$ cat target_5.txt   # compact mmCIF, N, CA and C atoms
# COMPACT_ATOMS: atom_id res chain seq x y z
N MET A 694 -13.75 19.87 22.91
CA MET A 694 -13.28 18.60 22.39
C MET A 694 -14.17 17.50 23.00
N ASN A 695 -14.72 16.66 22.14
CA ASN A 695 -15.58 15.58 22.63
C ASN A 695 -14.75 14.35 23.02
N GLU A 696 -15.42 13.35 23.57
CA GLU A 696 -14.73 12.16 24.07
C GLU A 696 -13.98 11.41 22.97
N LEU A 697 -14.58 11.29 21.79
CA LEU A 697 -13.92 10.60 20.69
C LEU A 697 -12.63 11.33 20.28
N GLU A 698 -12.69 12.65 20.19
CA GLU A 698 -11.49 13.41 19.83
C GLU A 698 -10.40 13.24 20.89
N LYS A 699 -10.78 13.15 22.16
CA LYS A 699 -9.81 12.90 23.21
C LYS A 699 -9.14 11.54 23.02
N GLN A 700 -9.94 10.52 22.69
CA GLN A 700 -9.38 9.18 22.45
C GLN A 700 -8.43 9.20 21.26
N VAL A 701 -8.83 9.87 20.20
CA VAL A 701 -7.98 9.96 19.00
C VAL A 701 -6.67 10.65 19.34
N ASN A 702 -6.73 11.73 20.09
CA ASN A 702 -5.51 12.45 20.47
C ASN A 702 -4.61 11.60 21.35
N GLU A 703 -5.17 10.77 22.21
CA GLU A 703 -4.36 9.85 23.01
C GLU A 703 -3.63 8.85 22.12
N VAL A 704 -4.33 8.33 21.11
CA VAL A 704 -3.70 7.40 20.17
C VAL A 704 -2.59 8.11 19.40
N LEU A 705 -2.86 9.32 18.94
CA LEU A 705 -1.85 10.07 18.20
C LEU A 705 -0.62 10.37 19.07
N HIS A 706 -0.85 10.70 20.31
CA HIS A 706 0.27 10.94 21.23
C HIS A 706 1.15 9.69 21.34
N HIS A 707 0.49 8.54 21.52
CA HIS A 707 1.21 7.26 21.60
C HIS A 707 1.96 6.98 20.30
N LEU A 708 1.29 7.18 19.18
CA LEU A 708 1.92 6.91 17.89
C LEU A 708 3.11 7.83 17.64
N ASN A 709 2.99 9.09 17.97
CA ASN A 709 4.11 10.00 17.74
C ASN A 709 5.32 9.59 18.56
N TRP A 710 5.09 9.08 19.74
CA TRP A 710 6.19 8.57 20.55
C TRP A 710 6.86 7.39 19.84
N LEU A 711 6.06 6.54 19.18
CA LEU A 711 6.61 5.37 18.48
C LEU A 711 7.32 5.72 17.17
N VAL A 712 6.76 6.66 16.42
CA VAL A 712 7.30 6.93 15.07
C VAL A 712 8.37 8.03 15.05
N GLU A 713 8.47 8.82 16.10
CA GLU A 713 9.45 9.90 16.13
C GLU A 713 10.88 9.42 15.90
N PRO A 714 11.31 8.29 16.48
CA PRO A 714 12.67 7.82 16.21
C PRO A 714 12.92 7.49 14.73
N HIS A 715 11.85 7.36 13.96
CA HIS A 715 11.97 7.05 12.53
C HIS A 715 11.77 8.31 11.69
N ASN A 716 11.95 9.47 12.32
CA ASN A 716 11.78 10.77 11.64
C ASN A 716 10.40 10.89 11.00
N SER A 717 9.38 10.47 11.74
CA SER A 717 8.01 10.53 11.26
C SER A 717 7.12 11.18 12.31
N SER A 718 5.91 11.57 11.88
CA SER A 718 4.93 12.11 12.79
C SER A 718 3.53 11.93 12.21
N VAL A 719 2.54 12.00 13.09
CA VAL A 719 1.13 11.94 12.67
C VAL A 719 0.39 13.06 13.36
N GLU A 720 -0.60 13.63 12.65
CA GLU A 720 -1.41 14.69 13.24
C GLU A 720 -2.85 14.56 12.78
N LEU A 721 -3.74 15.00 13.61
CA LEU A 721 -5.17 14.92 13.33
C LEU A 721 -5.58 16.02 12.37
N ILE A 722 -6.33 15.63 11.34
CA ILE A 722 -6.94 16.61 10.45
C ILE A 722 -8.39 16.82 10.87
N GLU A 723 -9.15 15.71 10.99
CA GLU A 723 -10.53 15.84 11.45
C GLU A 723 -11.11 14.50 11.89
N VAL A 724 -12.10 14.58 12.74
CA VAL A 724 -12.91 13.44 13.13
C VAL A 724 -14.32 13.77 12.66
N LYS A 725 -14.85 12.91 11.80
CA LYS A 725 -16.18 13.17 11.25
C LYS A 725 -16.95 11.86 11.22
N ASP A 726 -18.10 11.85 11.89
CA ASP A 726 -18.92 10.66 12.00
C ASP A 726 -18.07 9.49 12.51
N ARG A 727 -17.85 8.48 11.69
CA ARG A 727 -17.08 7.29 12.08
C ARG A 727 -15.73 7.25 11.37
N SER A 728 -15.25 8.40 10.91
CA SER A 728 -13.97 8.48 10.20
C SER A 728 -12.99 9.37 10.93
N ILE A 729 -11.73 8.95 10.91
CA ILE A 729 -10.64 9.74 11.46
C ILE A 729 -9.70 10.03 10.30
N VAL A 730 -9.45 11.30 10.06
CA VAL A 730 -8.54 11.69 8.99
C VAL A 730 -7.27 12.23 9.65
N ILE A 731 -6.14 11.62 9.31
CA ILE A 731 -4.86 12.07 9.86
C ILE A 731 -3.88 12.34 8.74
N ARG A 732 -2.86 13.10 9.07
CA ARG A 732 -1.74 13.33 8.15
C ARG A 732 -0.55 12.59 8.74
N SER A 733 0.12 11.82 7.92
CA SER A 733 1.31 11.11 8.34
C SER A 733 2.47 11.62 7.51
N ILE A 734 3.56 11.95 8.19
CA ILE A 734 4.73 12.51 7.53
C ILE A 734 5.95 11.65 7.87
N GLY A 735 6.74 11.33 6.86
CA GLY A 735 7.99 10.61 7.10
C GLY A 735 7.95 9.16 6.66
N TYR A 736 8.98 8.46 7.05
CA TYR A 736 9.19 7.06 6.65
C TYR A 736 8.01 6.16 7.02
N CYS A 737 7.45 6.35 8.19
CA CYS A 737 6.40 5.44 8.68
C CYS A 737 5.10 5.52 7.89
N THR A 738 4.95 6.53 7.05
CA THR A 738 3.74 6.67 6.25
C THR A 738 3.50 5.45 5.37
N ASN A 739 4.53 4.94 4.75
CA ASN A 739 4.40 3.81 3.83
C ASN A 739 5.07 2.54 4.33
N CYS A 740 5.31 2.46 5.61
CA CYS A 740 6.01 1.31 6.19
C CYS A 740 5.13 0.05 6.06
N GLU A 741 5.75 -1.05 5.71
CA GLU A 741 4.99 -2.29 5.52
C GLU A 741 4.47 -2.89 6.82
N THR A 742 5.00 -2.49 7.97
CA THR A 742 4.48 -3.03 9.24
C THR A 742 3.18 -2.35 9.66
N ASP A 743 2.84 -1.22 9.09
CA ASP A 743 1.58 -0.50 9.30
C ASP A 743 1.26 -0.27 10.78
N CYS A 744 2.23 0.18 11.54
CA CYS A 744 2.02 0.45 12.97
C CYS A 744 0.88 1.45 13.19
N ILE A 745 0.78 2.43 12.31
CA ILE A 745 -0.25 3.45 12.46
C ILE A 745 -1.63 2.83 12.31
N GLY A 746 -1.85 2.08 11.24
CA GLY A 746 -3.15 1.45 11.02
C GLY A 746 -3.50 0.42 12.08
N ILE A 747 -2.52 -0.37 12.47
CA ILE A 747 -2.75 -1.41 13.49
C ILE A 747 -3.11 -0.78 14.83
N THR A 748 -2.41 0.28 15.20
CA THR A 748 -2.68 0.94 16.48
C THR A 748 -4.09 1.49 16.51
N PHE A 749 -4.52 2.15 15.44
CA PHE A 749 -5.89 2.67 15.41
C PHE A 749 -6.91 1.53 15.42
N LYS A 750 -6.65 0.47 14.70
CA LYS A 750 -7.57 -0.66 14.65
C LYS A 750 -7.73 -1.30 16.04
N GLU A 751 -6.63 -1.40 16.77
CA GLU A 751 -6.68 -1.99 18.12
C GLU A 751 -7.40 -1.09 19.11
N ARG A 752 -7.16 0.21 19.04
CA ARG A 752 -7.69 1.13 20.05
C ARG A 752 -9.06 1.71 19.71
N LEU A 753 -9.35 1.85 18.42
CA LEU A 753 -10.63 2.40 17.99
C LEU A 753 -11.17 1.55 16.83
N PRO A 754 -11.53 0.30 17.12
CA PRO A 754 -11.87 -0.64 16.05
C PRO A 754 -13.10 -0.31 15.21
N ASP A 755 -13.97 0.54 15.72
CA ASP A 755 -15.19 0.87 14.98
C ASP A 755 -15.03 2.08 14.07
N MET A 756 -13.82 2.64 14.04
CA MET A 756 -13.58 3.84 13.25
C MET A 756 -12.82 3.50 11.97
N GLU A 757 -13.11 4.26 10.93
CA GLU A 757 -12.37 4.14 9.67
C GLU A 757 -11.22 5.15 9.71
N LEU A 758 -10.02 4.69 9.42
CA LEU A 758 -8.85 5.56 9.40
C LEU A 758 -8.52 5.95 7.96
N ILE A 759 -8.37 7.23 7.74
CA ILE A 759 -7.97 7.76 6.43
C ILE A 759 -6.66 8.50 6.64
N ILE A 760 -5.62 8.07 5.94
CA ILE A 760 -4.30 8.68 6.07
C ILE A 760 -4.01 9.50 4.81
N ARG A 761 -3.66 10.74 5.03
CA ARG A 761 -3.31 11.62 3.90
C ARG A 761 -1.88 12.03 3.98
$ encode --input "target_5.txt" --output "structure tokens"
Amino acid sequence: MNELEKQVNEVLHHLNWLVEPHNSSVELIEVKDRSIVIRSIGYCTNCETDCIGITFKERLPDMELIIR
């Protein structure tokens, strides 16, 4: 696991702690070049507050987030 994947997993760990009370979860599919592909399951996937997108933007601002 490279340094970027470690950072992504730290963000996912934090996010899962935040979204779990909302019956949601996020998991890594792949990190490729400057893109992070994740799977989001549950209510938080389409939430208007976009905690998932905001968290990634704050912690890894140079990466493109793709949610499936």
$ residues_around --input "target_5.txt" --residues "Ile731 of chain A" --least-positions-apart "4" --cutoff "7 Å" --atoms "all atoms listed in the file" --output "short mmCIF file (atom, residue, chain, number, x, y, z; two decimals) with N, CA and C atoms, in the coordinates of the input"
data_model
loop_
_atom_site.label_atom_id
_atom_site.label_comp_id
_atom_site.auth_asym_id
_atom_site.auth_seq_id
_atom_site.Cartn_x
_atom_site.Cartn_y
_atom_site.Cartn_z
N VAL A 719 2.54 12.00 13.09
CA VAL A 719 1.13 11.94 12.67
C VAL A 719 0.39 13.06 13.36
N GLU A 720 -0.60 13.63 12.65
CA GLU A 720 -1.41 14.69 13.24
C GLU A 720 -2.85 14.56 12.78
N LEU A 721 -3.74 15.00 13.61
CA LEU A 721 -5.17 14.92 13.33
C LEU A 721 -5.58 16.02 12.37
N ILE A 722 -6.33 15.63 11.34
CA ILE A 722 -6.94 16.61 10.45
C ILE A 722 -8.39 16.82 10.87
N GLU A 723 -9.15 15.71 10.99
CA GLU A 723 -10.53 15.84 11.45
C GLU A 723 -11.11 14.50 11.89
N LEU A 758 -10.02 4.69 9.42
CA LEU A 758 -8.85 5.56 9.40
C LEU A 758 -8.52 5.95 7.96
N ILE A 759 -8.37 7.23 7.74
CA ILE A 759 -7.97 7.76 6.43
C ILE A 759 -6.66 8.50 6.64
N ILE A 760 -5.62 8.07 5.94
CA ILE A 760 -4.30 8.68 6.07
C ILE A 760 -4.01 9.50 4.81
N ARG A 761 -3.66 10.74 5.03
CA ARG A 761 -3.31 11.62 3.90
C ARG A 761 -1.88 12.03 3.98
#
$ atom_distance --input "target_5.txt" --atom1 "atom CA of Asp755 of chain A" --atom2 "atom CA of Asn716 of chain A"
28.9 Å
$ axis_aligned_box --input "target_5.txt" --around "segment 753-758 of chain A" --padding-each-side "3 Å" --output "AutoDock Vina command-line options"
--center_x -11.9 --center_y 2.7 --center_z 13.2 --size_x 12.7 --size_y 12.6 --size_z 16.5
$ atom_distance --input "target_5.txt" --atom1 "atom C of Glu741 of chain A" --atom2 "atom CA of Leu697 of chain A"
26.7 Å
$ atom_distance --input "target_5.txt" --atom1 "atom CA of Leu711 of chain A" --atom2 "atom CA of Cys744 of chain A"
8.7 Å
$ residues_around --input "target_5.txt" --residues "Thr748 of chain A" --least-positions-apart "4" --cutoff "8 Å" --atoms "only C-alpha atoms" --output "JSON list (two decimals) with N, CA and C atoms, in the frame of the given file"
[["chain", "number", "residue", "atom", "x", "y", "z"],
["A", 704, "VAL", "N", -4.33, 8.33, 21.11],
["A", 704, "VAL", "CA", -3.70, 7.40, 20.17],
["A", 704, "VAL", "C", -2.59, 8.11, 19.40],
["A", 708, "LEU", "N", 1.29, 7.18, 19.18],
["A", 708, "LEU", "CA", 1.92, 6.91, 17.89],
["A", 708, "LEU", "C", 3.11, 7.83, 17.64],
["A", 744, "CYS", "N", 2.23, 0.18, 11.54],
["A", 744, "CYS", "CA", 2.02, 0.45, 12.97],
["A", 744, "CYS", "C", 0.88, 1.45, 13.19],
["A", 752, "ARG", "N", -7.16, 0.21, 19.04],
["A", 752, "ARG", "CA", -7.69, 1.13, 20.05],
["A", 752, "ARG", "C", -9.06, 1.71, 19.71]]
$ select_by_dssp --input "target_5.txt" --residues "chain A" --states "alpha helix (DSSP H)" --output "NGL selection string"
:A and (696-712 or 744-752)
$ select_by_dssp --input "target_5.txt" --residues "segment 703-757 of chain A" --states "strand (DSSP E or B)" --output "JSON, numbers by chain"
{"A": [718, 719, 720, 721, 722, 723, 724, 725, 728, 729, 730, 731, 732, 733, 734, 757]}
$ closest_residue --input "target_5.txt" --among "A:Ser717, A:Lys699, A:His706, A:Pro754" --to "Thr738 of chain A" --atoms "all atoms listed in the file"
A:Ser717
